[in-house]
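Contents: one structure, followed by commentary.
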Amino acid sequence: MSLNNGCVKGLLGGLCLLLMAGCASTSNNSDGDPHESMNRKIYAFNDKLDKSFVEPVAKKYVAVTPKVVRKGITNFFDNVSSLNTMTNDLLQAKGLDFAKSTGRFVVNSTIGIGGLFDPATSMGLVQKKEDLGQTLGRWGADEGAYLTIPLMGPSSYRDIGSPVMGVFTNPLTYLAAVVTIPASLVSAVNTRANLLDATRMVDQAALDPYAFVREAWRQQREYVIYDGNPPGDEFDDYIEGEGDAAILRIY
């Protein structure tokens, strides 16, 4: 998964919502979070692992890897994930979006040299990600209980299958392990590197990081499920995110 401008705006939007509501530390933890005790323990484990290992590796990666190279790597993995988006466009009966996603994938895979460059965006084929959780949400599935998944972060009963589908729709999955495993590690480190600034803001701004991450994730998921027009949401201007919840996956 990768960071995009929408993801950062989603994180900023979540922060604005919590601060304006005055609930950064007490955000009605019983609402939809029956597994809070377990979730908080898993959050603490994920956070400790991230701070002691993943984040330091990401910082080293940023220090030794030129920005243009990191951008190319991000573009490549974004392009690979297009197959997951295309599949879910079909499952959601979004014919036009499917055509655009397919066109974007073809352009970036060819003119963009295997996805290392992103000429599709300049052609008006802007990236828009879809996943299984969004598909289920589109057809009326409720979020269900909130979950924190070890090594992955926020999820829910509805969304827990999204990473699994993402694996099966990723063409790199079907290559030899000597390719798949290094590629997955590079993707994880590159994604974490893209999140350094956003997660620093969480550490500095949130009185209760767990509650902040949970509510920001929920707001962002509602936004993408309703394609930017969640019903009755008075804070649309703050949550202009699209794509997956990569900004929060490390928690």
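Chain identifiers are assigned as A, B, and so on, following the order in which chains appear in the structure tokens; residues are numbered from 1 within each chain, and ligands are numbered from 1 in order of appearance.
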
(message) Set the distance at 12 Å and use only C-alpha atoms: which residues neighbour Asp50 in chain A once local chain neighbours fewer than 4 positions away are removed? I'd like the list as a ChimeraX atom specification.
(response) /A:43-46,54-59,150-153,188-189,192-193,195-196,199,248-251

Take the selection from the previous step and output its residues with C-alpha atoms, as a PDB file, in the first residue's frame.
ATOM      1  CA  TYR A  43      -2.028  -1.416  19.050  1.00  0.00           C
ATOM      2  CA  ALA A  44       0.661  -1.141  21.725  1.00  0.00           C
ATOM      3  CA  PHE A  45       2.487  -4.154  20.247  1.00  0.00           C
ATOM      4  CA  ASN A  46       2.310  -2.741  16.715  1.00  0.00           C
ATOM      5  CA  VAL A  54      10.214  -0.396  11.223  1.00  0.00           C
ATOM      6  CA  GLU A  55      10.497   3.378  11.626  1.00  0.00           C
ATOM      7  CA  PRO A  56      14.305   3.374  12.054  1.00  0.00           C
ATOM      8  CA  VAL A  57      14.652   1.240   8.911  1.00  0.00           C
ATOM      9  CA  ALA A  58      12.367   3.622   7.020  1.00  0.00           C
ATOM     10  CA  LYS A  59      14.446   6.619   8.121  1.00  0.00           C
ATOM     11  CA  PRO A 150      -1.270  -7.505  14.466  1.00  0.00           C
ATOM     12  CA  LEU A 151       1.369  -6.077  12.107  1.00  0.00           C
ATOM     13  CA  MET A 152      -1.319  -4.427   9.975  1.00  0.00           C
ATOM     14  CA  GLY A 153      -3.416  -2.052  12.057  1.00  0.00           C
ATOM     15  CA  ALA A 188       6.573  -2.204   3.170  1.00  0.00           C
ATOM     16  CA  VAL A 189       9.653  -0.085   3.841  1.00  0.00           C
ATOM     17  CA  ARG A 192       6.485   3.334   5.902  1.00  0.00           C
ATOM     18  CA  ALA A 193       8.954   5.914   4.623  1.00  0.00           C
ATOM     19  CA  LEU A 195       4.277   7.905   6.261  1.00  0.00           C
ATOM     20  CA  LEU A 196       7.007   9.412   8.430  1.00  0.00           C
ATOM     21  CA  THR A 199       2.718   9.462  11.854  1.00  0.00           C
ATOM     22  CA  LEU A 248      -2.804   3.991   9.611  1.00  0.00           C
ATOM     23  CA  ARG A 249      -1.787   0.453   8.732  1.00  0.00           C
ATOM     24  CA  ILE A 250       1.335   0.499  10.869  1.00  0.00           C
ATOM     25  CA  TYR A 251      -0.858   0.821  13.954  1.00  0.00           C
TER      26      TYR A 251
END

(request) Please provide the set of residues having any atom within 12 Å of Gln92 in chain A, restricted to only C-alpha atoms, with same-chain residues fewer than 5 positions apart removed, written as a list in words. (result)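 The filter keeps Thr85, Met86, Thr87, Asp97, Phe98, Glu130, Asp131, Leu132, Gly133, Gln134, Thr135, Leu136, Gly137, Arg138, Trp139, Gly140, Ile225, Tyr226 and Asp227 of chain A.
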
(message) Can you pull out every residue from range 46-206 of chain A that DSSP, working from the backbone, puts in alpha helix (DSSP H), and format the result as a PyMOL selection string?
(response) chain A and resi 46-49+55-64+67-80+82-91+95-110+119-122+132-138+162-168+177-194+196-205

(request) Pick out each residue of range 20-186 of chain A that DSSP on the backbone tags as strand (DSSP E); I need them as a ChimeraX atom specification. (result) /A:146-149,153-156

Tell me, counting only C-alpha atoms, for each residue of range 96-116 of chain A within 10 Å of range 67-81 of chain A, which pair of atoms is nearest and how far apart they are in Å to one decimal, in rows ordered by chain and increasing number, as a tab-separated table.
residue	atom	partner	partner_atom	distance
A:Ser101	CA	A:Asn79	CA	9.8
A:Arg104	CA	A:Asn79	CA	8.3
A:Phe105	CA	A:Asn79	CA	6.2
A:Val106	CA	A:Asn79	CA	9.3
A:Val107	CA	A:Asn79	CA	9.9
A:Asn108	CA	A:Asn79	CA	7.1
A:Ser109	CA	A:Asn79	CA	7.4
A:Gly112	CA	A:Phe76	CA	9.2
A:Ile113	CA	A:Phe76	CA	9.1
A:Gly114	CA	A:Phe76	CA	6.9
A:Gly115	CA	A:Phe76	CA	4.5
A:Leu116	CA	A:Gly72	CA	4.6

(request) Calculate how many Å separate CA of Ser82 in chain A from CA of Pro154 in chain A, rounding to one decimal. (result)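 Going from CA of Ser82 in chain A over to CA of Pro154 in chain A covers 21.9 Å.
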
(message) Report, in Å to a single decimal, how far apart CA of Glu36 in chain A and CA of Gly144 in chain A are.
(response) 13.3 Å

(message) Excluding Pro34 in chain A and its own-chain neighbours fewer than 2 positions away, which residues fall within 12 Å of it when counting only C-alpha atoms? Please give them as number ranges by chain.
(response) A: 28-32, 36-40, 144-148, 156-157

(message) From the options A:Lys128, A:Tyr174, A:Leu96, A:Pro163, which residue's atoms come nearest to Gly228 in chain A, counting only C-alpha atoms?
(response)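 Result for the nearest residue to Gly228 in chain A: A:Lys128.
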
(request) Tell me, in Å to one decimal, how far CA of Phe117 in chain A is from CA of Gln220 in chain A. (result)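 Result for CA of Phe117 in chain A versus CA of Gln220 in chain A: 26.9 Å, one decimal.
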